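Asks: Sharing a structure with you now.
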Number of protein chains: 2
Amino acid sequence: MTALASDFHAAPVGKPYASLALADHSGDMAIDIEAIREHVPVRRCKHGAGQGVYHAGQPFQAIYLVHAGSYKVCELADDGREQVTGFRMRGELIGMESIGLKAYSSDAIALEDSEVWELPYPAVLRACLHVPDLQAHITLALAAEIRGDRSWMLMLGTLAAERRVAAFLLDVAARYARLGYSARHFILRMSRMDMASFLALKHETVSRALSRLHGLNYIDVQRREVRVLNLDGLRGMAGASAAVN
Amino acid sequence: MTALASDFHAAPVGKPYASLALADHSGDMAIDIEAIREHVPVRRCKHGAGQGVYHAGQPFQAIYLVHAGSYKVCELADDGREQVTGFRMRGELIGMESIGLKAYSSDAIALEDSEVWELPYPAVLRACLHVPDLQAHITLALAAEIRGDRSWMLMLGTLAAERRVAAFLLDVAARYARLGYSARHFILRMSRMDMASFLALKHETVSRALSRLHGLNYIDVQRREVRVLNLDGLRGMAGASAAVN
DNA sequence: AGACCTTGTTACAAAACGTTACAAACCGTT
DNA sequence: AACGGTTTGTAACGTTTTGTAACAAGGTCT
C-alpha cells in the first residue's frame with residue numbers, strides 16, 4: 001500500500017465519458033457526467049493500491065464513477081469467507097448494489113493508483129428530477145450489472161478452469177478495447193489471487209491455466225503482462241462468448 | 001408439460017403482497033401492486049411446468065410479478081451451455097434483468113403450475129410518474145437483485161459441494177418462511193438437475209450431498225420432500241449465512 | 001548492493017468432483 | 001395393473017482441481 005505518486009496517472013486517461021459504452025452490449029449508454037455535475041457536487045477521490053473506496057458496513061452515501069485506474073468489488077461473509085465479484089474500470093459505476101441499504105454491502109478496493117468521482121446518492125436522486133434520462137440511465141446501469149453478474153454465473157457454472165481463465169482474458173481484452181487501449185497486449189491489474197477468487201479457483205490453478213494457454217501459444221504471459229497470440233483459439237476455448245474487436 | 005389443471009392452486013396463495021419483503025434483508029419492500037393496477041393494465045398469465053414466461057431473444061415488453069407457484073431463470077450461451085441463475089417465488093419480480101434491451105436476455109420457466117402478473121414495461125414507466133415511490137421501488141428491487149446474485153457468487157466461490165447444498169436448502173427454507181409456510185418441511189419445486197445447475201454441480205453430486213446431509217441427520221429427504229432436522233447443523237455447514245426464523 | 005517480503009510458477013500427491021453405468025422410484029397413460 | 005418415460009439414487013472408476021512445498025522473480029527498504 002504505497003503512498004500516491006505525484007505523477008499519478010501512469011496510464012493515459014483515455015476516451016471521454018461521452019464515448020464510453022457499458023460493458024454490456026446494450027448500445028451506447030454513456031453516463032452524462034457533465035449534466036450531472038451541474039446538479040451534484042462531485043468530489044474526486046484518489047486511492048492507492050489496496051485502499052478502499054468503501055467497506056461493507058459503512059453508511060451508504062454515494063455511488064462512484066471510476067475515472068482512472070481499476071478497482072475490485074468484494075463480498076464478505078460473517079465467517080470470513082471472501083469473494084471478488086467483479087473488477088471495475090474507467091466509466092463504470094460502483095456502489096450501486098448498495099442502493100436502498102443503510103450501509104454498503106460490499107467492499108470496493110483499488111488495484112492500483114486510481115480515482116473515482118463520488119456521486120452523493122441523495123443529490124443524484126434530486127438530479128434525476130432535472131437531468132432528463134438520468135433516472136433511466138441508472139435503471140439501465142443496474143439492469144446491465146445484473147446481466148453482467150448473470151453472464152459470469154453462466155461462465156462459472158459451465159466452464160472448466162482453463163476455459164474460465166480464457167473467458168476472463170477475453171473480457172479484460174474487450175474492456176481495454178472499449179477504453180481505446182490494445183486488446184492484444186495489456187497488463188492485468190489484479191493479482192493471481194484476485195483472479196482466482198473471481199473465477200472461483202485457487203491461485204495455483206490460475207497460474208497453471210495461464211501456463212497452459214501459453215504452452216498452446218494462445219497467449220504470451222509473464223507475470224501480469226499478457227499478449228494475445230491466438231484470439232480465435234482463446235475464443236474457442238471460452239465458448240465463443242466474449243467479443244473482442 | 002401438462003395442461004393446466006382447473007383447480008389450479010395446489011398450494012394456498014399465502015400472504016398478501018403488502019406483507020412480502022424482498023428476499024434481501026433490506027427491510028419491508030413490498031411492491032404496491034394495487035397502486036400499480038390503477039395505472040397499468042395487468043394481465044394474469046398461467047403456466048404449466050416447463051412452460052416459459054419469456055425466452056431469450058423475444059422482444060422485451062414487460063416485467064412480471066410472480067403470483068403463485070415458482071419459476072426458474074436460465075441463462076443460455078450461443079454454444080448451448082445453460083445455467084440456472086435463480087428461482088423465483090410469489091412476490092418476486094422476473095424479467096428486470098432485461099430492462100434496457102430490445103429482447104429478453106434469459107429464459108423464465110415455470111417449475112410447476114404457476115402464475116405471473118404481467119406488467120407492461122412502458123406502462124410501468126408511465127405509472128412511475130403517478131405512483132409515488134414506484135420508481136424508487138424498482139431501483140431498490142434491481143439493487144436487491146444484484147445483491148442476491150452477488151451473495152450466490154460468494155457462496156459458489158467459497159463453499160464446497162455439500163455446503164452449497166446446505167446453503168441452498170436454508171435459502172429455500174427462508175423463502176418459504178417469508179411466504180408464511182413452514183421452513184422445516186417443504187417440497188423442492190425444482191429437479192435435481194436444476195438445483196445442480198444453479199449450484200454449479202452435477203446432479204449426482206447434489207444427490208450425494210443430500211444423502212450425506214440425511215446421513216448426518218441434518219435433514220430428512222425423500223425425492224423432493226425435505227424436512228429440516230438440525231437447523232444449526234445446516235447453518236454451520238453453510239457458513240452461518242442464511243437466517244431462518 | 002543486499003536482505004527481505006510478496007507474488008508467481010511448477011512438480012508431485014491427495015482429494016473432490018465428474019463420468020459412466022445401472023437400478024429403483026415415480027408419473028402419466030393406457 | 002401394466003407400460004414406457006423420466007427422475008432420482010448409488011457405486012465404481014477417472015479426471016480435474018486442489019494442497020503442499022519448494023523455488024524463482026520482482027519490488028521495497030535500508
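Lettering and numbering for the C-alpha cells are positional, with chains as A, B, ... in the shown order, residues counted from 1 in each chain, and ligands counted from 1 in the shown order.
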Quick one: superpose chain B onto chain A using all C-alpha atoms paired in order, least squares, and give it to me as a short mmCIF file (atom, residue, chain, number, x, y, z; two decimals) with C-alpha atoms, in the first residue's frame.
Replies:
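As written to disk, result37.cif reads:
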data_model
loop_
_atom_site.label_atom_id
_atom_site.label_comp_id
_atom_site.auth_asym_id
_atom_site.auth_seq_id
_atom_site.Cartn_x
_atom_site.Cartn_y
_atom_site.Cartn_z
CA MET B 1 -0.32 0.22 0.17
CA THR B 2 1.96 2.95 -1.11
CA ALA B 3 1.38 6.68 -0.87
CA LEU B 4 -0.02 8.22 -4.03
CA ALA B 5 2.60 9.31 -6.48
CA SER B 6 2.40 12.88 -7.65
CA ASP B 7 2.55 11.94 -11.32
CA PHE B 8 -0.62 10.06 -10.61
CA HIS B 9 -1.81 8.78 -13.92
CA ALA B 10 0.62 6.18 -15.16
CA ALA B 11 -1.89 5.21 -17.84
CA PRO B 12 -3.41 7.75 -20.20
CA VAL B 13 -6.89 8.82 -19.18
CA GLY B 14 -8.37 7.47 -22.39
CA LYS B 15 -11.63 8.24 -24.08
CA PRO B 16 -14.02 10.86 -22.69
CA TYR B 17 -17.01 9.48 -20.82
CA ALA B 18 -19.34 10.47 -23.61
CA SER B 19 -17.94 7.74 -25.80
CA LEU B 20 -17.94 4.98 -23.20
CA ALA B 21 -20.53 2.29 -23.54
CA LEU B 22 -21.47 -0.07 -20.74
CA ALA B 23 -19.59 -3.35 -20.55
CA ASP B 24 -22.83 -4.85 -21.74
CA HIS B 25 -23.71 -4.95 -25.43
CA SER B 26 -26.78 -2.83 -24.84
CA GLY B 27 -25.72 0.02 -27.06
CA ASP B 28 -24.19 3.31 -26.13
CA MET B 29 -25.14 4.07 -22.59
CA ALA B 30 -22.58 6.65 -21.60
CA ILE B 31 -23.35 8.48 -18.40
CA ASP B 32 -23.81 12.19 -18.93
CA ILE B 33 -21.37 13.22 -16.27
CA GLU B 34 -21.32 16.86 -17.29
CA ALA B 35 -25.08 17.19 -16.89
CA ILE B 36 -24.83 15.54 -13.49
CA ARG B 37 -22.11 17.89 -12.36
CA GLU B 38 -24.48 20.80 -12.77
CA HIS B 39 -26.68 19.37 -10.04
CA VAL B 40 -24.47 17.14 -7.93
CA PRO B 41 -21.37 18.12 -5.99
CA VAL B 42 -18.83 15.72 -7.44
CA ARG B 43 -15.79 15.03 -5.29
CA ARG B 44 -12.76 13.36 -6.83
CA CYS B 45 -11.27 10.60 -4.66
CA LYS B 46 -7.89 9.06 -5.27
CA HIS B 47 -6.79 5.73 -3.92
CA GLY B 48 -3.54 3.82 -3.85
CA ALA B 49 -3.38 0.09 -4.44
CA GLY B 50 -5.17 -1.69 -1.62
CA GLN B 51 -7.11 1.35 -0.44
CA GLY B 52 -10.87 1.02 -0.22
CA VAL B 53 -13.46 3.37 -1.66
CA TYR B 54 -15.95 1.98 0.83
CA HIS B 55 -16.25 -1.06 3.03
CA ALA B 56 -19.16 -3.31 3.93
CA GLY B 57 -20.95 -1.84 6.92
CA GLN B 58 -20.04 1.78 6.31
CA PRO B 59 -23.04 4.04 5.81
CA PHE B 60 -24.18 4.17 2.22
CA GLN B 61 -23.94 7.74 1.00
CA ALA B 62 -22.76 7.77 -2.56
CA ILE B 63 -22.17 5.82 -5.70
CA TYR B 64 -18.92 6.24 -7.59
CA LEU B 65 -17.85 6.57 -11.18
CA VAL B 66 -14.44 5.11 -11.89
CA HIS B 67 -12.38 7.82 -13.51
CA ALA B 68 -8.97 6.17 -13.72
CA GLY B 69 -7.25 2.99 -12.69
CA SER B 70 -9.16 -0.05 -11.58
CA TYR B 71 -10.96 -1.45 -8.58
CA LYS B 72 -12.14 -4.82 -7.37
CA VAL B 73 -15.50 -5.42 -5.71
CA CYS B 74 -15.52 -7.97 -2.88
CA GLU B 75 -18.28 -9.66 -0.96
CA LEU B 76 -17.52 -10.92 2.53
CA ALA B 77 -19.34 -13.40 4.71
CA ASP B 78 -19.65 -13.10 8.48
CA ASP B 79 -17.41 -16.14 8.89
CA GLY B 80 -14.54 -14.58 6.98
CA ARG B 81 -15.11 -16.04 3.54
CA GLU B 82 -14.33 -13.55 0.83
CA GLN B 83 -15.14 -13.42 -2.84
CA VAL B 84 -14.14 -10.98 -5.55
CA THR B 85 -17.31 -10.44 -7.57
CA GLY B 86 -16.01 -8.07 -10.17
CA PHE B 87 -13.44 -5.62 -11.45
CA ARG B 88 -14.28 -2.07 -12.49
CA MET B 89 -12.53 0.26 -14.89
CA ARG B 90 -12.93 3.80 -16.14
CA GLY B 91 -16.51 4.67 -16.98
CA GLU B 92 -18.07 2.01 -14.75
CA LEU B 93 -20.12 2.70 -11.65
CA ILE B 94 -19.51 1.15 -8.26
CA GLY B 95 -21.61 1.11 -5.12
CA MET B 96 -24.93 0.70 -6.90
CA GLU B 97 -25.57 -2.70 -5.37
CA SER B 98 -25.98 -0.93 -2.03
CA ILE B 99 -28.77 1.39 -3.14
CA GLY B 100 -31.63 1.07 -0.71
CA LEU B 101 -29.46 -0.08 2.17
CA LYS B 102 -28.29 1.82 5.22
CA ALA B 103 -24.78 0.52 4.71
CA TYR B 104 -22.66 -0.75 1.86
CA SER B 105 -22.95 -4.49 1.37
CA SER B 106 -19.50 -5.00 -0.11
CA ASP B 107 -16.01 -3.58 -0.40
CA ALA B 108 -14.55 -1.69 -3.32
CA ILE B 109 -10.74 -1.67 -3.34
CA ALA B 110 -8.27 -0.03 -5.69
CA LEU B 111 -5.94 -2.37 -7.56
CA GLU B 112 -3.51 0.38 -8.47
CA ASP B 113 -3.34 4.15 -8.18
CA SER B 114 -6.87 5.02 -9.16
CA GLU B 115 -9.54 7.66 -8.97
CA VAL B 116 -13.29 7.66 -8.58
CA TRP B 117 -15.74 10.50 -8.75
CA GLU B 118 -18.09 10.48 -5.81
CA LEU B 119 -21.77 11.01 -6.60
CA PRO B 120 -23.68 11.55 -3.32
CA TYR B 121 -26.78 9.46 -3.73
CA PRO B 122 -29.39 11.87 -2.32
CA ALA B 123 -28.09 14.54 -4.68
CA VAL B 124 -28.22 12.08 -7.57
CA LEU B 125 -31.85 11.37 -6.78
CA ARG B 126 -32.62 15.08 -6.77
CA ALA B 127 -30.72 15.52 -10.00
CA CYS B 128 -32.97 12.89 -11.57
CA LEU B 129 -35.72 15.49 -11.45
CA HIS B 130 -33.66 17.93 -13.51
CA VAL B 131 -31.48 15.85 -15.78
CA PRO B 132 -33.55 14.10 -18.39
CA ASP B 133 -32.75 10.41 -18.70
CA LEU B 134 -30.59 10.29 -15.60
CA GLN B 135 -33.09 8.11 -13.79
CA ALA B 136 -33.42 5.93 -16.85
CA HIS B 137 -29.66 5.70 -17.09
CA ILE B 138 -29.37 4.48 -13.52
CA THR B 139 -32.06 1.89 -14.08
CA LEU B 140 -30.31 0.73 -17.22
CA ALA B 141 -26.97 0.58 -15.47
CA LEU B 142 -28.46 -1.52 -12.69
CA ALA B 143 -30.04 -3.90 -15.16
CA ALA B 144 -26.76 -4.14 -17.07
CA GLU B 145 -24.98 -4.97 -13.84
CA ILE B 146 -27.39 -7.84 -13.24
CA ARG B 147 -26.76 -9.11 -16.75
CA GLY B 148 -23.03 -8.91 -16.20
CA ASP B 149 -23.26 -10.89 -12.98
CA ARG B 150 -25.50 -13.43 -14.66
CA SER B 151 -23.16 -13.95 -17.53
CA TRP B 152 -20.33 -14.64 -15.10
CA MET B 153 -22.56 -17.11 -13.31
CA LEU B 154 -23.11 -18.81 -16.64
CA MET B 155 -19.39 -18.93 -17.20
CA LEU B 156 -18.56 -20.17 -13.70
CA GLY B 157 -21.23 -22.81 -13.83
CA THR B 158 -20.45 -24.19 -17.25
CA LEU B 159 -16.73 -23.79 -17.98
CA ALA B 160 -13.78 -25.73 -16.59
CA ALA B 161 -10.85 -23.91 -15.02
CA GLU B 162 -8.79 -23.33 -18.15
CA ARG B 163 -11.80 -22.10 -20.09
CA ARG B 164 -12.74 -19.71 -17.34
CA VAL B 165 -9.31 -18.19 -17.48
CA ALA B 166 -9.60 -17.86 -21.26
CA ALA B 167 -13.00 -16.20 -20.93
CA PHE B 168 -11.62 -13.87 -18.31
CA LEU B 169 -8.74 -12.79 -20.53
CA LEU B 170 -11.16 -12.13 -23.37
CA ASP B 171 -13.29 -10.01 -21.09
CA VAL B 172 -10.33 -8.00 -19.93
CA ALA B 173 -9.21 -7.58 -23.52
CA ALA B 174 -12.66 -6.39 -24.58
CA ARG B 175 -12.76 -3.88 -21.78
CA TYR B 176 -9.39 -2.47 -22.65
CA ALA B 177 -10.50 -2.23 -26.27
CA ARG B 178 -13.58 -0.31 -25.19
CA LEU B 179 -11.35 2.19 -23.46
CA GLY B 180 -9.27 2.59 -26.58
CA TYR B 181 -6.35 0.48 -25.44
CA SER B 182 -4.92 -2.59 -27.07
CA ALA B 183 -6.94 -5.76 -26.72
CA ARG B 184 -3.91 -7.78 -27.76
CA HIS B 185 -1.41 -6.60 -25.23
CA PHE B 186 -2.27 -5.49 -21.74
CA ILE B 187 -1.32 -5.61 -18.10
CA LEU B 188 -3.53 -7.43 -15.64
CA ARG B 189 -4.11 -5.06 -12.79
CA MET B 190 -5.12 -7.73 -10.27
CA SER B 191 -3.06 -10.39 -8.52
CA ARG B 192 -3.40 -14.10 -9.29
CA MET B 193 -5.30 -14.46 -6.03
CA ASP B 194 -7.86 -11.86 -7.04
CA MET B 195 -8.30 -13.51 -10.41
CA ALA B 196 -8.59 -16.86 -8.69
CA SER B 197 -11.20 -15.61 -6.27
CA PHE B 198 -13.24 -14.06 -9.04
CA LEU B 199 -13.02 -17.23 -11.13
CA ALA B 200 -13.75 -19.48 -8.14
CA LEU B 201 -10.38 -21.19 -8.46
CA LYS B 202 -7.14 -21.34 -6.47
CA HIS B 203 -4.30 -19.14 -7.57
CA GLU B 204 -2.15 -22.14 -8.46
CA THR B 205 -4.85 -23.32 -10.80
CA VAL B 206 -4.92 -19.92 -12.46
CA SER B 207 -1.15 -20.08 -12.84
CA ARG B 208 -1.36 -23.53 -14.38
CA ALA B 209 -4.12 -22.47 -16.73
CA LEU B 210 -2.16 -19.44 -17.86
CA SER B 211 0.92 -21.60 -18.38
CA ARG B 212 -1.10 -24.05 -20.45
CA LEU B 213 -2.59 -21.26 -22.56
CA HIS B 214 0.98 -20.10 -23.03
CA GLY B 215 2.05 -23.62 -23.97
CA LEU B 216 -0.72 -23.77 -26.55
CA ASN B 217 0.59 -20.51 -27.96
CA TYR B 218 -2.73 -18.80 -27.37
CA ILE B 219 -1.07 -16.16 -25.24
CA ASP B 220 2.28 -14.90 -24.13
CA VAL B 221 2.22 -14.23 -20.42
CA GLN B 222 4.86 -13.05 -18.03
CA ARG B 223 3.55 -12.28 -14.58
CA ARG B 224 0.89 -9.64 -15.23
CA GLU B 225 1.77 -8.82 -18.79
CA VAL B 226 -0.37 -10.60 -21.36
CA ARG B 227 -0.09 -10.72 -25.11
CA VAL B 228 -2.84 -12.41 -27.09
CA LEU B 229 -1.37 -14.57 -29.84
CA ASN B 230 -4.35 -16.62 -30.97
CA LEU B 231 -7.63 -14.83 -30.44
CA ASP B 232 -9.72 -17.49 -32.10
CA GLY B 233 -8.07 -20.15 -30.03
CA LEU B 234 -8.97 -18.28 -26.89
CA ARG B 235 -12.47 -17.68 -28.13
CA GLY B 236 -13.01 -21.31 -28.94
CA MET B 237 -11.84 -22.26 -25.50
CA ALA B 238 -14.08 -19.70 -23.81
CA GLY B 239 -17.10 -20.88 -25.76
CA ALA B 240 -17.11 -18.22 -28.44
CA SER B 241 -18.67 -15.87 -25.93
CA ALA B 242 -16.89 -12.58 -25.40
CA ALA B 243 -16.43 -10.42 -28.48
CA VAL B 244 -13.16 -8.57 -28.95
CA ASN B 245 -12.91 -6.38 -32.04
#
Asks: Please identify every residue of chain D that has at least one atom no more than 9 Å from any atom of chain B, counting only C-alpha atoms (C1' of nucleotides), and report them as a list of chain:residue names.
Replies: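 Residues passing the distance filter: D:DT7, D:DT8, D:DG9, D:DT10.
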Asks: Pull out every residue of chain C that has at least one atom within 9 Å of chain B, counting only C-alpha atoms (C1' of nucleotides), and report them as a PyMOL selection string.
Replies: chain C and resi 16-18
Asks: Residues of chain C that approach segment 18-24 of chain D to 8 Å or less, counting only C-alpha atoms (C1' of nucleotides): could you list each one with the shortest pair of atoms and its distance in Å to one decimal, rows by chain and increasing residue number, as a Markdown table?
Replies:
| residue | atom | partner | partner_atom | distance |
| --- | --- | --- | --- | --- |
| C:DT9 | C1' | D:DA24 | C1' | 7.5 |
| C:DA14 | C1' | D:DG19 | C1' | 7.4 |
| C:DA15 | C1' | D:DT18 | C1' | 7.3 |
Asks: Emit the selected residues as a compact mmCIF listing (two decimals), in the first residue's frame, including C-alpha atoms (C1' of nucleotides).
Replies:
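To be explicit, this is the file written out as result-v7.txt:
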# COMPACT_ATOMS: atom_id res chain seq x y z
C1' DT C 9 5.42 -20.74 -11.01
C1' DA C 14 -4.24 -36.13 -2.49
C1' DA C 15 -8.96 -35.02 -2.52
Asks: Using DSSP on the backbone coordinates, identify the residues of segment 113-163 of chain A assigned to strand (DSSP E or B); present them as an MDAnalysis selection string.
Replies: chainID A and resid 114:120
Asks: Kindly export the residues of the current selection with C-alpha atoms, as a short mmCIF file (atom, residue, chain, number, x, y, z; two decimals), in the first residue's frame.
Replies:
data_model
loop_
_atom_site.label_atom_id
_atom_site.label_comp_id
_atom_site.auth_asym_id
_atom_site.auth_seq_id
_atom_site.Cartn_x
_atom_site.Cartn_y
_atom_site.Cartn_z
CA SER A 114 -6.89 5.02 -9.17
CA GLU A 115 -9.55 7.68 -8.98
CA VAL A 116 -13.30 7.66 -8.59
CA TRP A 117 -15.75 10.51 -8.76
CA GLU A 118 -18.09 10.49 -5.82
CA LEU A 119 -21.78 10.98 -6.61
CA PRO A 120 -23.69 11.54 -3.34
#
Asks: What parts of segment 4-184 of chain A does DSSP call helix (DSSP H, G or I)? I'd like the answer as a PyMOL selection string.
Replies: chain A and resi 17-19+33-37+96-98+121-127+134-158+161-178
